[in-house]
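Student: Handing you this structure, nothing more for now.
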Amino acid sequence: MVTEQFSGRNTIMCVGGIDTGKSTFVKEAIGELIAAGKPYIHIDLDMGQSTIGPPSTIGPPSTIGLRTSEGVQYLYFVGNISPFGVVRELEGGLTRFRRIMDGLPGRQTLVDTTGLVEGPFGWALKRMKIAILGVDFVVFFDKEGDTRQLRDHIAEMEIANLVLCPSQFVRARSAGERACYRKSLFDEHFKDAPEIRLSTANRRVVRGPWPVGEGQLTGLIGSDGFLVSLALFSDEDPEGIIVRGVVASPGEIRVIRFGRYNPFRPTTLTTEAIE
């Protein structure tokens, strides 16, 4: 059984490159916990294609998510499909997730991550995630030694770990296939979405240091800091900001936050699309 490999551990993080079987491993582990009647927390930090998010099992792109075994979900708007340029936003989401974890003791937390495992930025990012979430067990999916340096960089943290080889049945997808899949997520999420005007009289607007144009991903945030709805920026006027999206509960929105990513500018994919 998958879960026997980390019996007695509280927070298990799966780390590996792109298309190495991390999400499948997490899914199987959760299935075993469900079968055993054990409570759990599932966290997905892949902001390019998270598996957490209503109304289906696919999360809105540019978000990270937490789901409890009771079905309660929390989505945090990061504003990009990769961690580049949004480390502060990612840290804010991780901190909120940790508070939820601390409020739900006695259950295992399984964490899925992005495929960024090489280079100083990738190493620092994984260390940050481990530290904030209190990870006490790491499962490495090592493909031809690509996690070796990362393992060396976190060795001083003295965290128990397991090194696995990716399954031969894992299908590697090309960059083009991943880009097309992401596009399909955006197309599905914003299909037939209407334009709405959100008053800024009683809402805070958060702008990043990047230019905002038509189609910019925009997070509509509630008072708890979590996502109410994902939208696309259309325009703004003295009365408010106009966005395109399906907003079921406009009254819950307290913050309008502009993201870094614009799905209608494909050039951003070439420098930032690391899953």
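By order of appearance in the structure tokens: chains A, B, ..., then residues from 1 within every chain, and ligands from 1 in the order shown.
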Between range 62-118 of chain A and range 17-29 of chain A, at 9 Å or less, what are the per-residue closest atom pairs and their distances in Å? Count only C-alpha atoms, order by chain and rising residue number, and return it as a Markdown table.
Tutor:
| residue | atom | partner | partner_atom | distance |
| --- | --- | --- | --- | --- |
| A:Leu110 | CA | A:Val26 | CA | 6.6 |
| A:Val111 | CA | A:Val26 | CA | 7.6 |
| A:Asp112 | CA | A:Ser23 | CA | 6.3 |
| A:Thr113 | CA | A:Lys22 | CA | 7.8 |
| A:Thr114 | CA | A:Ile18 | CA | 7.5 |
| A:Gly115 | CA | A:Gly17 | CA | 4.1 |
| A:Leu116 | CA | A:Gly17 | CA | 6.1 |
| A:Val117 | CA | A:Gly17 | CA | 6.0 |
| A:Glu118 | CA | A:Gly17 | CA | 8.5 |
Student: Could you build a table of the residues in range 114-152 of chain A lying no more than 12 Å from range 101-107 of chain A, giving for each the nearest pair of atoms and their separation in Å rounded to one decimal place, using only C-alpha atoms, ordered by chain and ascending residue number, as a Markdown table?
Tutor:
| residue | atom | partner | partner_atom | distance |
| --- | --- | --- | --- | --- |
| A:Ile132 | CA | A:Met101 | CA | 11.0 |
| A:Leu133 | CA | A:Met101 | CA | 8.3 |
| A:Gly134 | CA | A:Met101 | CA | 9.7 |
| A:Val135 | CA | A:Met101 | CA | 11.4 |
Student: Residues of range 150-204 of chain A in strand (DSSP E or B) according to DSSP, as a PyMOL selection string?
Tutor: chain A and resi 160-164+195-199+204
Student: Emit the selected residues as a compact mmCIF listing (two decimals), in the first residue's frame, including N, CA, C and O atoms.
Tutor:
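Writing done, so here's again_31.txt:
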# COMPACT_ATOMS: atom_id res chain seq x y z
N ALA A 160 12.84 13.01 6.77
CA ALA A 160 12.78 11.66 6.24
C ALA A 160 12.28 11.71 4.80
O ALA A 160 11.46 12.55 4.44
N ASN A 161 12.80 10.80 3.96
CA ASN A 161 12.41 10.84 2.56
C ASN A 161 12.49 9.47 1.92
O ASN A 161 13.10 8.54 2.46
N LEU A 162 11.88 9.40 0.78
CA LEU A 162 11.87 8.18 -0.02
C LEU A 162 12.12 8.58 -1.46
O LEU A 162 11.50 9.53 -1.96
N VAL A 163 13.04 7.89 -2.13
CA VAL A 163 13.35 8.20 -3.53
C VAL A 163 12.78 7.09 -4.41
O VAL A 163 13.11 5.91 -4.23
N LEU A 164 11.92 7.48 -5.35
CA LEU A 164 11.30 6.53 -6.26
C LEU A 164 11.66 6.87 -7.70
O LEU A 164 11.94 8.03 -8.03
N GLU A 195 -19.78 39.88 -18.90
CA GLU A 195 -19.05 40.99 -18.31
C GLU A 195 -19.87 41.58 -17.17
O GLU A 195 -21.10 41.69 -17.27
N ILE A 196 -19.19 41.93 -16.07
CA ILE A 196 -19.86 42.56 -14.94
C ILE A 196 -19.01 43.72 -14.44
O ILE A 196 -17.79 43.71 -14.59
N ARG A 197 -19.66 44.71 -13.88
CA ARG A 197 -18.95 45.84 -13.29
C ARG A 197 -18.94 45.68 -11.78
O ARG A 197 -19.98 45.50 -11.15
N LEU A 198 -17.75 45.74 -11.18
CA LEU A 198 -17.60 45.64 -9.74
C LEU A 198 -17.24 47.00 -9.18
O LEU A 198 -16.20 47.58 -9.54
N SER A 199 -18.07 47.52 -8.33
CA SER A 199 -17.81 48.81 -7.73
C SER A 199 -16.55 48.75 -6.86
O SER A 199 -16.30 47.75 -6.16
N ARG A 204 -11.14 46.78 -2.12
CA ARG A 204 -9.74 47.16 -2.28
C ARG A 204 -9.22 46.60 -3.60
O ARG A 204 -9.48 45.43 -3.93
Student: Please identify the helix (DSSP H, G or I) residues within range 41-205 of chain A (assignment by DSSP from backbone atoms) and present them as a ChimeraX atom specification.
Tutor: /A:87-102,119-133,148-157,175-189
Student: Mind giving me the straight-line distance from CA of Phe84 in chain A to CA of His42 in chain A in Å, one decimal?
Tutor: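 These atoms are spaced 23.3 Å apart.
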Student: Identify, on the basis of only C-alpha atoms, every residue whose closest approach to Thr51 in chain A does not exceed 10 Å; exclude the query and any residue fewer than 6 positions from it along the same chain; express the result as a PDB file with N, CA, C and O atoms, in the first residue's frame.
Tutor:
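This went into part_18.pdb:
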ATOM      1  N   SER A  23       1.105  13.433  -9.104  1.00  0.00           N
ATOM      2  CA  SER A  23      -0.342  13.561  -8.875  1.00  0.00           C
ATOM      3  C   SER A  23      -1.010  12.193  -8.765  1.00  0.00           C
ATOM      4  O   SER A  23      -1.928  12.007  -7.958  1.00  0.00           O
ATOM      5  N   LYS A  27      -3.080  10.804  -5.568  1.00  0.00           N
ATOM      6  CA  LYS A  27      -4.441  10.307  -5.761  1.00  0.00           C
ATOM      7  C   LYS A  27      -4.597   8.908  -5.169  1.00  0.00           C
ATOM      8  O   LYS A  27      -5.603   8.602  -4.502  1.00  0.00           O
ATOM      9  N   HIS A  42      -5.676  17.506   1.435  1.00  0.00           N
ATOM     10  CA  HIS A  42      -4.984  17.447   0.151  1.00  0.00           C
ATOM     11  C   HIS A  42      -4.651  18.867  -0.281  1.00  0.00           C
ATOM     12  O   HIS A  42      -5.535  19.727  -0.353  1.00  0.00           O
ATOM     13  N   ILE A  43      -3.370  19.111  -0.553  1.00  0.00           N
ATOM     14  CA  ILE A  43      -2.922  20.419  -1.033  1.00  0.00           C
ATOM     15  C   ILE A  43      -2.283  20.247  -2.405  1.00  0.00           C
ATOM     16  O   ILE A  43      -1.431  19.377  -2.586  1.00  0.00           O
ATOM     17  N   ASP A  44      -2.695  21.060  -3.362  1.00  0.00           N
ATOM     18  CA  ASP A  44      -2.089  21.036  -4.695  1.00  0.00           C
ATOM     19  C   ASP A  44      -1.484  22.403  -4.979  1.00  0.00           C
ATOM     20  O   ASP A  44      -2.196  23.404  -5.031  1.00  0.00           O
ATOM     21  N   LEU A  45      -0.175  22.435  -5.164  1.00  0.00           N
ATOM     22  CA  LEU A  45       0.550  23.689  -5.378  1.00  0.00           C
ATOM     23  C   LEU A  45       0.929  23.904  -6.841  1.00  0.00           C
ATOM     24  O   LEU A  45       1.743  24.783  -7.142  1.00  0.00           O
ATOM     25  N   THR A  57     -13.151  18.568 -10.780  1.00  0.00           N
ATOM     26  CA  THR A  57     -11.905  18.220 -10.108  1.00  0.00           C
ATOM     27  C   THR A  57     -10.739  19.032 -10.646  1.00  0.00           C
ATOM     28  O   THR A  57      -9.618  18.870 -10.207  1.00  0.00           O
ATOM     29  N   ILE A  58     -10.972  19.907 -11.591  1.00  0.00           N
ATOM     30  CA  ILE A  58      -9.905  20.717 -12.169  1.00  0.00           C
ATOM     31  C   ILE A  58      -9.971  22.120 -11.580  1.00  0.00           C
ATOM     32  O   ILE A  58     -11.011  22.775 -11.601  1.00  0.00           O
ATOM     33  N   GLY A  59      -8.855  22.584 -11.049  1.00  0.00           N
ATOM     34  CA  GLY A  59      -8.829  23.888 -10.423  1.00  0.00           C
ATOM     35  C   GLY A  59      -8.638  25.004 -11.424  1.00  0.00           C
ATOM     36  O   GLY A  59      -8.064  24.805 -12.500  1.00  0.00           O
ATOM     37  N   PRO A  60      -9.106  26.201 -11.099  1.00  0.00           N
ATOM     38  CA  PRO A  60      -8.881  27.353 -11.976  1.00  0.00           C
ATOM     39  C   PRO A  60      -7.381  27.610 -12.125  1.00  0.00           C
ATOM     40  O   PRO A  60      -6.664  27.655 -11.126  1.00  0.00           O
ATOM     41  N   PRO A  61      -6.869  27.759 -13.337  1.00  0.00           N
ATOM     42  CA  PRO A  61      -5.445  28.056 -13.518  1.00  0.00           C
ATOM     43  C   PRO A  61      -5.063  29.318 -12.763  1.00  0.00           C
ATOM     44  O   PRO A  61      -5.857  30.250 -12.633  1.00  0.00           O
ATOM     45  N   ILE A  64      -3.699  27.915  -6.240  1.00  0.00           N
ATOM     46  CA  ILE A  64      -3.306  26.724  -5.503  1.00  0.00           C
ATOM     47  C   ILE A  64      -4.480  26.372  -4.602  1.00  0.00           C
ATOM     48  O   ILE A  64      -5.302  27.231  -4.284  1.00  0.00           O
ATOM     49  N   GLY A  65      -4.586  25.101  -4.229  1.00  0.00           N
ATOM     50  CA  GLY A  65      -5.790  24.705  -3.518  1.00  0.00           C
ATOM     51  C   GLY A  65      -5.557  23.765  -2.352  1.00  0.00           C
ATOM     52  O   GLY A  65      -4.556  23.039  -2.294  1.00  0.00           O
ATOM     53  N   LEU A  66      -6.496  23.795  -1.426  1.00  0.00           N
ATOM     54  CA  LEU A  66      -6.522  22.870  -0.288  1.00  0.00           C
ATOM     55  C   LEU A  66      -7.927  22.298  -0.191  1.00  0.00           C
ATOM     56  O   LEU A  66      -8.906  23.032  -0.273  1.00  0.00           O
ATOM     57  N   ARG A  67      -8.003  20.986  -0.023  1.00  0.00           N
ATOM     58  CA  ARG A  67      -9.293  20.309   0.134  1.00  0.00           C
ATOM     59  C   ARG A  67      -9.222  19.374   1.336  1.00  0.00           C
ATOM     60  O   ARG A  67      -8.243  18.639   1.498  1.00  0.00           O
ATOM     61  N   ASP A 112       0.974  17.991  -3.287  1.00  0.00           N
ATOM     62  CA  ASP A 112       1.476  17.854  -4.656  1.00  0.00           C
ATOM     63  C   ASP A 112       2.142  19.181  -5.031  1.00  0.00           C
ATOM     64  O   ASP A 112       1.709  20.251  -4.588  1.00  0.00           O
TER      65      ASP A 112
END
Student: Counting only C-alpha atoms, which residues in range 26-127 of chain A sit no more than 10 Å from range 246-261 of chain A? For each one, give the nearest pair of atoms and the distance in Å, sorted by chain then residue number, as CSV.
Tutor:
residue,atom,partner,partner_atom,distance
A:Pro61,CA,A:Tyr261,CA,9.9
A:Ser62,CA,A:Tyr261,CA,8.0
A:Phe77,CA,A:Gly259,CA,8.1
A:Val78,CA,A:Gly259,CA,7.1
A:Gly79,CA,A:Gly259,CA,3.8
A:Asn80,CA,A:Tyr261,CA,4.9
A:Ile81,CA,A:Tyr261,CA,7.1
A:Ser82,CA,A:Tyr261,CA,9.3
A:Phe84,CA,A:Arg260,CA,9.6
A:Gly85,CA,A:Arg260,CA,7.8
A:Val86,CA,A:Arg260,CA,7.8
A:Glu89,CA,A:Gly259,CA,9.8
Student: Go ahead and save the residues from that selection, with N, CA and C atoms, as a CSV table (one decimal), in the first residue's frame.
Tutor:
chain,number,residue,atom,x,y,z
A,61,PRO,N,-6.9,27.8,-13.3
A,61,PRO,CA,-5.4,28.1,-13.5
A,61,PRO,C,-5.1,29.3,-12.8
A,62,SER,N,-3.8,29.4,-12.3
A,62,SER,CA,-3.3,30.5,-11.5
A,62,SER,C,-3.7,30.4,-10.0
A,77,PHE,N,-5.6,32.7,-4.9
A,77,PHE,CA,-5.2,33.2,-6.2
A,77,PHE,C,-3.7,33.7,-6.1
A,78,VAL,N,-2.9,33.0,-7.0
A,78,VAL,CA,-1.5,33.3,-7.1
A,78,VAL,C,-1.3,34.3,-8.2
A,79,GLY,N,-2.0,34.2,-9.3
A,79,GLY,CA,-2.0,35.1,-10.4
A,79,GLY,C,-1.0,34.8,-11.5
A,80,ASN,N,-0.4,33.6,-11.5
A,80,ASN,CA,0.4,33.2,-12.6
A,80,ASN,C,0.3,31.6,-12.7
A,81,ILE,N,0.7,31.1,-13.8
A,81,ILE,CA,0.7,29.7,-14.0
A,81,ILE,C,2.0,29.0,-13.6
A,82,SER,N,3.0,29.8,-13.1
A,82,SER,CA,4.2,29.2,-12.6
A,82,SER,C,4.6,30.1,-11.4
A,84,PHE,N,7.3,31.8,-11.0
A,84,PHE,CA,8.1,33.0,-11.3
A,84,PHE,C,7.4,34.3,-11.1
A,85,GLY,N,7.9,35.2,-10.4
A,85,GLY,CA,7.4,36.5,-10.2
A,85,GLY,C,6.3,36.6,-9.2
A,86,VAL,N,5.9,35.5,-8.6
A,86,VAL,CA,4.7,35.5,-7.6
A,86,VAL,C,5.1,34.7,-6.3
A,89,GLU,N,3.1,36.1,-3.3
A,89,GLU,CA,1.7,35.6,-3.4
A,89,GLU,C,1.7,34.1,-2.9
Student: Could you jot down the CA of Pro83 in chain A to CA of Ser234 in chain A separation for me, Å, one decimal place?
Tutor: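 These atoms are spaced 24.6 Å apart.
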Student: One number please: CA of Asp152 in chain A to CA of Ile30 in chain A, in Å, one decimal.
Tutor: 28.5 Å
Student: Mind dumping a table of every range 55-143 of chain A residue within 6 Å of range 37-40 of chain A, with the nearest atom pair and its distance in Å to one decimal, using only C-alpha atoms, sorted by chain and rising number, as CSV?
Tutor:
residue,atom,partner,partner_atom,distance
A:Ser69,CA,A:Tyr40,CA,5.3
A:Arg107,CA,A:Tyr40,CA,5.0
A:Gln108,CA,A:Tyr40,CA,5.0
A:Thr109,CA,A:Tyr40,CA,5.7
Student: Do a neighbour search on Arg182 in chain A at 9 Å with only C-alpha atoms, toss out local chain neighbours closer than 4 positions, and write the hits as a list in words.
Tutor: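 The neighbour list is Gly48, Gln49, Pro61, Glu177, Arg178, Phe186 and Asp187 of chain A.
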Student: Store the residues picked out above, limited to C-alpha atoms, as an mmCIF file, in the first residue's frame.
Tutor:
data_model
loop_
_atom_site.group_PDB
_atom_site.id
_atom_site.type_symbol
_atom_site.label_atom_id
_atom_site.label_comp_id
_atom_site.auth_asym_id
_atom_site.auth_seq_id
_atom_site.Cartn_x
_atom_site.Cartn_y
_atom_site.Cartn_z
ATOM 1 C CA GLY A 48 -0.687 25.693 -13.826
ATOM 2 C CA GLN A 49 -3.125 22.806 -13.534
ATOM 3 C CA PRO A 61 -5.445 28.056 -13.518
ATOM 4 C CA GLU A 177 0.648 19.614 -25.306
ATOM 5 C CA ARG A 178 0.804 21.212 -21.869
ATOM 6 C CA PHE A 186 -9.088 28.682 -19.683
ATOM 7 C CA ASP A 187 -11.544 28.148 -22.538
#
Student: So which one's closest to Glu239 in chain A, A:Leu220, A:Leu227, A:Pro263, A:Asn202? Using only C-alpha atoms, please.
Tutor: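 Checking each candidate against Glu239 in chain A, we get A:Asn202 as the closest.
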